[in-house]
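data.tsv (TSV, C-alpha atoms and all ligand atoms) appears below.
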chain	number	residue	atom	x	y	z
L	179	MET	CA	48.56	98.63	118.60
L	180	SER	CA	49.89	95.11	118.43
L	181	ARG	CA	48.04	92.52	120.49
L	182	PHE	CA	48.37	88.76	120.59
L	183	ILE	CA	45.07	86.94	121.24
L	184	THR	CA	44.77	83.16	121.26
L	185	PHE	CA	41.70	80.92	121.06
L	186	GLU	CA	41.70	77.59	122.87
L	187	GLY	CA	39.24	74.82	123.61
L	188	THR	CA	38.47	71.17	123.13
L	189	GLU	CA	37.33	69.57	119.85
L	190	GLY	CA	34.21	71.08	118.29
L	191	CYS	CA	34.05	74.10	120.62
L	192	GLY	CA	33.59	76.39	117.59
L	193	LYS	CA	36.74	78.44	118.06
L	194	SER	CA	37.69	78.61	114.36
L	195	THR	CA	34.26	80.03	113.41
L	196	GLN	CA	34.34	82.44	116.34
L	197	LEU	CA	37.85	83.56	115.52
L	198	ARG	CA	36.76	84.51	111.99
L	199	LEU	CA	33.72	86.38	113.30
L	200	LEU	CA	35.87	88.36	115.74
L	201	ALA	CA	38.39	89.08	112.98
L	202	ASP	CA	35.59	90.51	110.78
L	203	HIS	CA	34.27	92.59	113.68
L	204	LEU	CA	37.69	94.05	114.49
L	205	SER	CA	38.53	94.69	110.81
L	206	ARG	CA	35.26	96.61	110.42
L	207	GLN	CA	36.45	98.88	113.23
L	208	GLY	CA	39.61	99.65	111.32
L	209	LEU	CA	42.07	97.35	113.09
L	210	GLN	CA	44.68	95.45	111.09
L	211	VAL	CA	44.05	91.80	111.94
L	212	CYS	CA	46.23	88.76	111.25
L	213	VAL	CA	44.36	85.44	111.41
L	214	THR	CA	46.44	82.33	111.87
L	215	ARG	CA	46.46	78.90	113.50
L	216	GLU	CA	48.54	76.18	115.09
L	217	PRO	CA	49.75	73.71	114.18
L	218	GLY	CA	50.27	75.42	110.82
L	219	GLY	CA	50.00	79.01	109.68
L	220	CYS	CA	52.93	78.91	107.23
L	221	PRO	CA	54.18	76.32	104.68
L	222	ILE	CA	56.73	74.51	106.88
L	223	SER	CA	54.35	74.35	109.86
L	224	ASP	CA	51.48	73.26	107.58
L	225	ALA	CA	53.68	70.35	106.43
L	226	ILE	CA	54.27	69.42	110.09
L	227	ARG	CA	50.50	69.71	110.70
L	228	GLN	CA	49.86	67.14	107.99
L	229	ILE	CA	52.21	64.66	109.67
L	230	LEU	CA	50.67	65.28	113.09
L	231	LEU	CA	47.04	64.96	112.05
L	232	ASP	CA	47.37	62.14	109.53
L	233	PRO	CA	45.48	59.08	110.87
L	234	SER	CA	48.43	56.95	109.76
L	235	SER	CA	50.49	58.77	112.44
L	236	ALA	CA	48.37	57.14	115.16
L	237	GLY	CA	51.37	55.19	116.48
L	238	MET	CA	53.46	58.33	116.94
L	239	ASP	CA	55.47	58.47	120.15
L	240	SER	CA	54.16	61.18	122.52
L	241	LYS	CA	57.57	62.86	122.66
L	242	THR	CA	57.84	62.97	118.88
L	243	GLU	CA	54.42	64.59	118.84
L	244	LEU	CA	55.51	67.13	121.47
L	245	PHE	CA	58.64	68.11	119.56
L	246	LEU	CA	56.74	68.42	116.27
L	247	TYR	CA	54.25	70.83	117.87
L	248	ALA	CA	57.17	72.83	119.28
L	249	ALA	CA	58.97	72.83	115.90
L	250	ALA	CA	55.83	73.97	114.07
L	251	ARG	CA	55.41	76.74	116.67
L	252	ALA	CA	58.96	78.05	116.35
L	253	GLN	CA	58.59	78.38	112.57
L	254	HIS	CA	55.12	79.90	112.81
L	255	LEU	CA	56.38	82.53	115.23
L	256	ALA	CA	59.30	83.44	113.00
L	257	ASP	CA	57.29	83.52	109.77
L	258	VAL	CA	53.91	84.89	110.86
L	259	VAL	CA	53.30	85.95	114.47
L	260	ARG	CA	56.34	88.11	115.21
L	261	PRO	CA	56.28	89.94	111.85
L	262	ALA	CA	52.57	90.72	112.28
L	263	LEU	CA	53.09	92.00	115.84
L	264	GLU	CA	56.00	94.13	114.61
L	265	ARG	CA	53.67	95.65	111.99
L	266	GLY	CA	51.35	96.61	114.87
L	267	GLU	CA	48.59	94.13	113.98
L	268	VAL	CA	46.15	92.29	116.22
L	269	VAL	CA	47.09	88.62	115.86
L	270	LEU	CA	44.24	86.13	116.36
L	271	CYS	CA	45.72	82.66	116.66
L	272	ASP	CA	43.68	79.45	116.69
L	273	ARG	CA	45.54	77.49	119.42
L	274	PHE	CA	49.01	78.16	120.78
L	275	SER	CA	51.31	77.00	123.61
L	276	ASP	CA	48.45	76.33	126.04
L	277	ALA	CA	47.21	73.60	123.67
L	278	THR	CA	50.48	71.72	124.18
L	279	VAL	CA	50.13	71.93	127.96
L	280	ALA	CA	46.48	70.82	127.75
L	281	TYR	CA	46.83	68.01	125.15
L	282	GLN	CA	50.37	66.68	125.56
L	283	GLY	CA	50.59	67.52	129.28
L	284	TYR	CA	47.19	66.97	130.89
L	285	GLY	CA	45.90	64.74	128.06
L	286	ARG	CA	48.89	62.48	127.34
L	287	GLY	CA	50.52	62.79	130.73
L	288	LEU	CA	53.87	64.26	129.67
L	289	ASP	CA	55.69	66.32	132.27
L	290	ILE	CA	54.12	69.79	132.41
L	291	GLU	CA	57.27	71.60	133.54
L	292	GLN	CA	59.21	70.12	130.63
L	293	ILE	CA	56.47	71.23	128.24
L	294	GLU	CA	56.51	74.74	129.66
L	295	HIS	CA	60.29	74.81	129.24
L	296	LEU	CA	60.00	73.63	125.63
L	297	ASN	CA	57.27	76.20	124.96
L	298	ARG	CA	59.54	78.95	126.26
L	299	GLU	CA	62.32	77.72	123.96
L	300	ALA	CA	60.03	77.55	120.93
L	301	THR	CA	58.50	80.98	121.52
L	302	ASP	CA	61.49	82.84	123.01
L	303	GLY	CA	59.14	83.57	125.89
L	304	LEU	CA	56.33	85.14	123.85
L	305	VAL	CA	53.06	84.77	125.80
L	306	PRO	CA	49.60	85.81	124.51
L	307	ASP	CA	48.17	89.06	125.86
L	308	LEU	CA	44.72	87.45	126.07
L	309	THR	CA	43.54	83.84	125.78
L	310	LEU	CA	39.89	82.99	125.12
L	311	LEU	CA	39.01	79.52	126.33
L	312	LEU	CA	35.80	78.37	124.63
L	313	ASP	CA	34.45	75.88	127.10
L	314	LEU	CA	31.88	73.26	126.20
L	315	PRO	CA	30.60	70.03	127.75
L	316	LEU	CA	32.56	67.21	126.17
L	317	GLU	CA	29.70	65.33	124.55
L	318	THR	CA	28.44	68.43	122.70
L	319	GLY	CA	31.88	69.26	121.32
L	320	LEU	CA	32.76	65.75	120.23
L	321	ALA	CA	29.41	65.28	118.49
L	322	ARG	CA	30.02	68.54	116.55
L	323	ALA	CA	33.60	67.57	115.71
L	324	ILE	CA	32.65	64.10	114.48
L	325	SER	CA	29.93	65.43	112.18
L	326	ARG	CA	32.33	68.10	110.88
L	327	ASN	CA	34.98	65.44	110.11
L	328	SER	CA	32.58	63.29	108.17
L	329	ASP	CA	31.81	66.34	105.95
L	330	SER	CA	35.43	67.42	105.58
L	331	SER	CA	37.93	66.42	102.91
L	332	GLU	CA	40.78	67.24	105.33
L	333	ASP	CA	41.49	64.12	107.33
L	334	GLU	CA	41.90	65.44	110.84
L	335	GLY	CA	40.10	62.66	112.62
L	336	ARG	CA	42.96	61.22	114.59
L	337	PHE	CA	42.58	63.25	117.77
L	338	GLU	CA	38.82	63.15	117.72
L	339	GLN	CA	38.84	59.35	117.81
L	340	GLU	CA	40.68	59.45	121.13
L	341	ALA	CA	38.98	58.11	124.22
L	342	LEU	CA	36.51	60.32	126.04
L	343	ALA	CA	38.72	60.19	129.13
L	344	PHE	CA	41.54	61.85	127.19
L	345	HIS	CA	39.31	64.73	126.13
L	346	GLN	CA	38.01	65.09	129.68
L	347	ARG	CA	41.59	65.46	130.94
L	348	VAL	CA	42.25	68.06	128.23
L	349	ARG	CA	39.16	70.08	129.21
L	350	ASP	CA	40.02	69.89	132.91
L	351	GLY	CA	43.60	70.87	132.05
L	352	TYR	CA	42.45	73.95	130.16
L	353	LEU	CA	40.23	74.98	133.08
L	354	THR	CA	43.19	74.54	135.46
L	355	LEU	CA	45.32	76.75	133.20
L	356	ALA	CA	42.54	79.35	133.09
L	357	ARG	CA	42.45	79.48	136.89
L	358	SER	CA	46.19	80.03	137.12
L	359	HIS	CA	46.71	82.75	134.47
L	360	ASP	CA	45.01	86.16	134.52
L	361	ARG	CA	45.24	86.45	130.73
L	362	PHE	CA	42.53	83.74	130.33
L	363	ARG	CA	38.82	84.48	129.81
L	364	VAL	CA	36.56	81.43	129.94
L	365	VAL	CA	33.72	81.83	127.42
L	366	PRO	CA	30.81	79.34	127.61
L	367	ALA	CA	30.62	77.96	124.06
L	368	ASP	CA	27.12	76.47	124.26
L	369	GLY	CA	24.26	78.30	122.57
L	370	ASP	CA	24.09	79.47	118.99
L	371	ILE	CA	26.91	81.04	117.04
L	372	ASP	CA	25.66	84.62	117.49
L	373	GLU	CA	25.28	84.26	121.25
L	374	VAL	CA	28.84	82.99	121.62
L	375	ALA	CA	30.14	85.71	119.27
L	376	THR	CA	28.46	88.36	121.45
L	377	ARG	CA	30.08	86.91	124.58
L	378	ILE	CA	33.47	87.03	122.87
L	379	ARG	CA	33.04	90.59	121.64
L	380	HIS	CA	32.12	91.68	125.17
L	381	ALA	CA	35.24	89.99	126.53
L	382	VAL	CA	37.58	91.47	123.93
L	383	ALA	CA	36.24	94.85	122.79
L	384	PRO	CA	36.62	96.84	126.04
L	385	TRP	CA	40.06	95.36	126.49
L	386	LEU	CA	41.02	96.51	122.97
L	387	GLY	CA	39.24	99.85	123.39
L	388	VAL	CA	36.77	99.23	120.54
L	389	THR	CA	32.97	98.86	120.36
L	390	ALA	CA	31.55	95.42	121.24
A	401	LIG	P1	42.46	72.12	115.62
A	401	LIG	O1	41.37	71.16	115.89
A	401	LIG	O2	42.36	73.36	116.42
A	401	LIG	O3	42.72	72.37	114.16
A	401	LIG	O4	43.80	71.44	116.20
A	401	LIG	C1	44.28	70.26	115.69
A	401	LIG	C2	44.58	69.25	116.77
A	401	LIG	O5	45.90	69.47	117.27
A	401	LIG	C3	43.65	69.27	117.96
A	401	LIG	O6	43.22	67.95	118.21
A	401	LIG	C4	44.51	69.70	119.11
A	401	LIG	C5	45.89	69.28	118.67
A	401	LIG	N1	47.00	70.06	119.25
A	401	LIG	C6	47.80	69.47	120.23
A	401	LIG	O7	47.59	68.32	120.60
A	401	LIG	N2	48.85	70.18	120.72
A	401	LIG	C7	49.15	71.46	120.30
A	401	LIG	O8	50.12	72.07	120.77
A	401	LIG	C8	48.29	72.06	119.30
A	401	LIG	C9	48.57	73.44	118.81
A	401	LIG	C10	47.23	71.33	118.81

Rewrite the coordinates I just gave you, this time as structure tokens.
Ligand code: TMP
Amino acid sequence: MSRFITFEGTEGCGKSTQLRLLADHLSRQGLQVCVTREPGGCPISDAIRQILLDPSSAGMDSKTELFLYAAARAQHLADVVRPALERGEVVLCDRFSDATVAYQGYGRGLDIEQIEHLNREATDGLVPDLTLLLDLPLETGLARAISRNSDSSEDEGRFEQEALAFHQRVRDGYLTLARSHDRFRVVPADGDIDEVATRIRHAVAPWLGVTA
């Protein structure tokens, strides 16, 4: 039973933690689960991730950034997502095409139709079956993300240093996407980890036909 589920949200919304918890829950019920992320997920796309998130890339042109996300996505699909779906697995992916619409489109102001066109090219039209948008007030998420970065050896601080207004546009953009696509479920991401995990299980389990 292959299914493609993506997790989206602004910085510090907790989606990576929640994705792992859902993966454990589904594995315990006997499903084959593939956990992956964008940008990254395979060696070539991980190398592109490093370029994108390196603070020394701060002067990167928005279009360069857009094409690098699309390039990383094309490789990730070929190497990881499609093979896992062909094996009948449930793929849980930390960010996907909607992130490009939210960040490069609504956030940076690039043309949304062009981004959607590029996404279709990069994915050969593959769209998630279900997208969980973990939604959180901006201040809470950024505070979490900043404290996580100061503890982390991986230098991913570039995006989180962006202006608050940018992140507000990204959040609003995600909520606009959620209103226009039935595959979205908006999950409030405030509260403790277990509460959010329960909300996610209740959104996903009936849809997958497993216990919440
Ligand atoms: P992460 O925080 O989920 O690891 O994602 C890394 C950053 O990459 C995050 O700031 C969002 C950004 N991003 C985009 O700007 N466009 C994209 O298409 C993707 C997948 C991520």

How far is it from CA of His359 in chain L to CA of Arg181 in chain L, in Å with one decimal?
17.1 Å

I'd like to know which of L:Gly319, L:Pro384, L:Pro217, L:Gly285 is closest to ligand LIG 401 (chain A), using all atoms listed in the file.
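With all atoms listed in the file as the atom set, the closest residue is L:Pro217.
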
Have a look at L:Thr376, L:Gln210, L:Gln292, L:Ser358 and name the one nearest to Gly266 in chain L; count all atoms listed in the file.
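Looking only at the distances to Gly266 in chain L, the closest residue turns out to be L:Gln210.
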
May I have a table of the residues of chain L lying at most 6 Å from ligand LIG 401 (chain A), giving each one's closest pair of atoms and their distance in Å to one decimal, counting only C-alpha atoms and all ligand atoms, ordered by chain and ascending residue number, as a Markdown table?
| residue | atom | partner | partner_atom | distance |
| --- | --- | --- | --- | --- |
| L:Glu189 | CA | A:LIG401 | O1 | 5.9 |
| L:Glu216 | CA | A:LIG401 | C9 | 4.6 |
| L:Pro217 | CA | A:LIG401 | C9 | 4.8 |
| L:Tyr247 | CA | A:LIG401 | O8 | 5.2 |
| L:Arg273 | CA | A:LIG401 | C9 | 5.1 |
| L:Phe274 | CA | A:LIG401 | C9 | 5.1 |
| L:Ser275 | CA | A:LIG401 | O8 | 5.8 |
| L:Ala277 | CA | A:LIG401 | O8 | 4.4 |
| L:Thr278 | CA | A:LIG401 | O8 | 3.4 |
| L:Tyr281 | CA | A:LIG401 | O7 | 4.6 |
| L:Gln282 | CA | A:LIG401 | O7 | 5.9 |
| L:Phe337 | CA | A:LIG401 | O6 | 4.8 |

Write the residues of the preceding selection, restricted to C-alpha atoms, as a PDB file, in the coordinates of the input.
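The file below, selection.pdb, is the result:
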ATOM      1  CA  GLU L 189      37.330  69.570 119.850  1.00  0.00           C
ATOM      2  CA  GLU L 216      48.540  76.180 115.090  1.00  0.00           C
ATOM      3  CA  PRO L 217      49.750  73.710 114.180  1.00  0.00           C
ATOM      4  CA  TYR L 247      54.250  70.830 117.870  1.00  0.00           C
ATOM      5  CA  ARG L 273      45.540  77.490 119.420  1.00  0.00           C
ATOM      6  CA  PHE L 274      49.010  78.160 120.780  1.00  0.00           C
ATOM      7  CA  SER L 275      51.310  77.000 123.610  1.00  0.00           C
ATOM      8  CA  ALA L 277      47.210  73.600 123.670  1.00  0.00           C
ATOM      9  CA  THR L 278      50.480  71.720 124.180  1.00  0.00           C
ATOM     10  CA  TYR L 281      46.830  68.010 125.150  1.00  0.00           C
ATOM     11  CA  GLN L 282      50.370  66.680 125.560  1.00  0.00           C
ATOM     12  CA  PHE L 337      42.580  63.250 117.770  1.00  0.00           C
TER      13      PHE L 337
END

Proximity to Val382 in chain L - best of L:Ile290, L:Leu304, L:Ile324, L:Ala201, all atoms listed in the file:
L:Ala201

Neighbouring residues of Thr301 in chain L were defined as those with any atom within 10 Å, considering all atoms listed in the file; residues of the same chain fewer than 5 positions away were excluded. Please report them as number ranges by chain.
L: 248-249, 251-256, 260, 274-275, 296

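Here CA of Thr309 in chain L and CA of Leu197 in chain L stand 11.7 Å from one another.
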
Between L:Ala321, L:Phe245, L:Ser205, L:Leu200, which residue has the minimum interatomic distance to His380 in chain L, considering only C-alpha atoms?
L:Leu200

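Within 8 Å of range 339-350 of chain L, once only C-alpha atoms are used and residues closer than 6 positions along the same chain are dropped, the contacting residues are Gly187, Thr188, Ala280, Tyr281, Tyr284, Gly285, Arg286, Asp313 and Leu316 of chain L.
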
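Taking CA of Gly387 in chain L and CA of Ile183 in chain L as the two end points, the separation is 14.3 Å.
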
Could you list as an NGL selection string every residue that has an atom within 12 Å of (31.2, 85.7, 115.4), using the file's coordinates and counting only C-alpha atoms?
:L and (192-204 or 367 or 370-380 or 390)
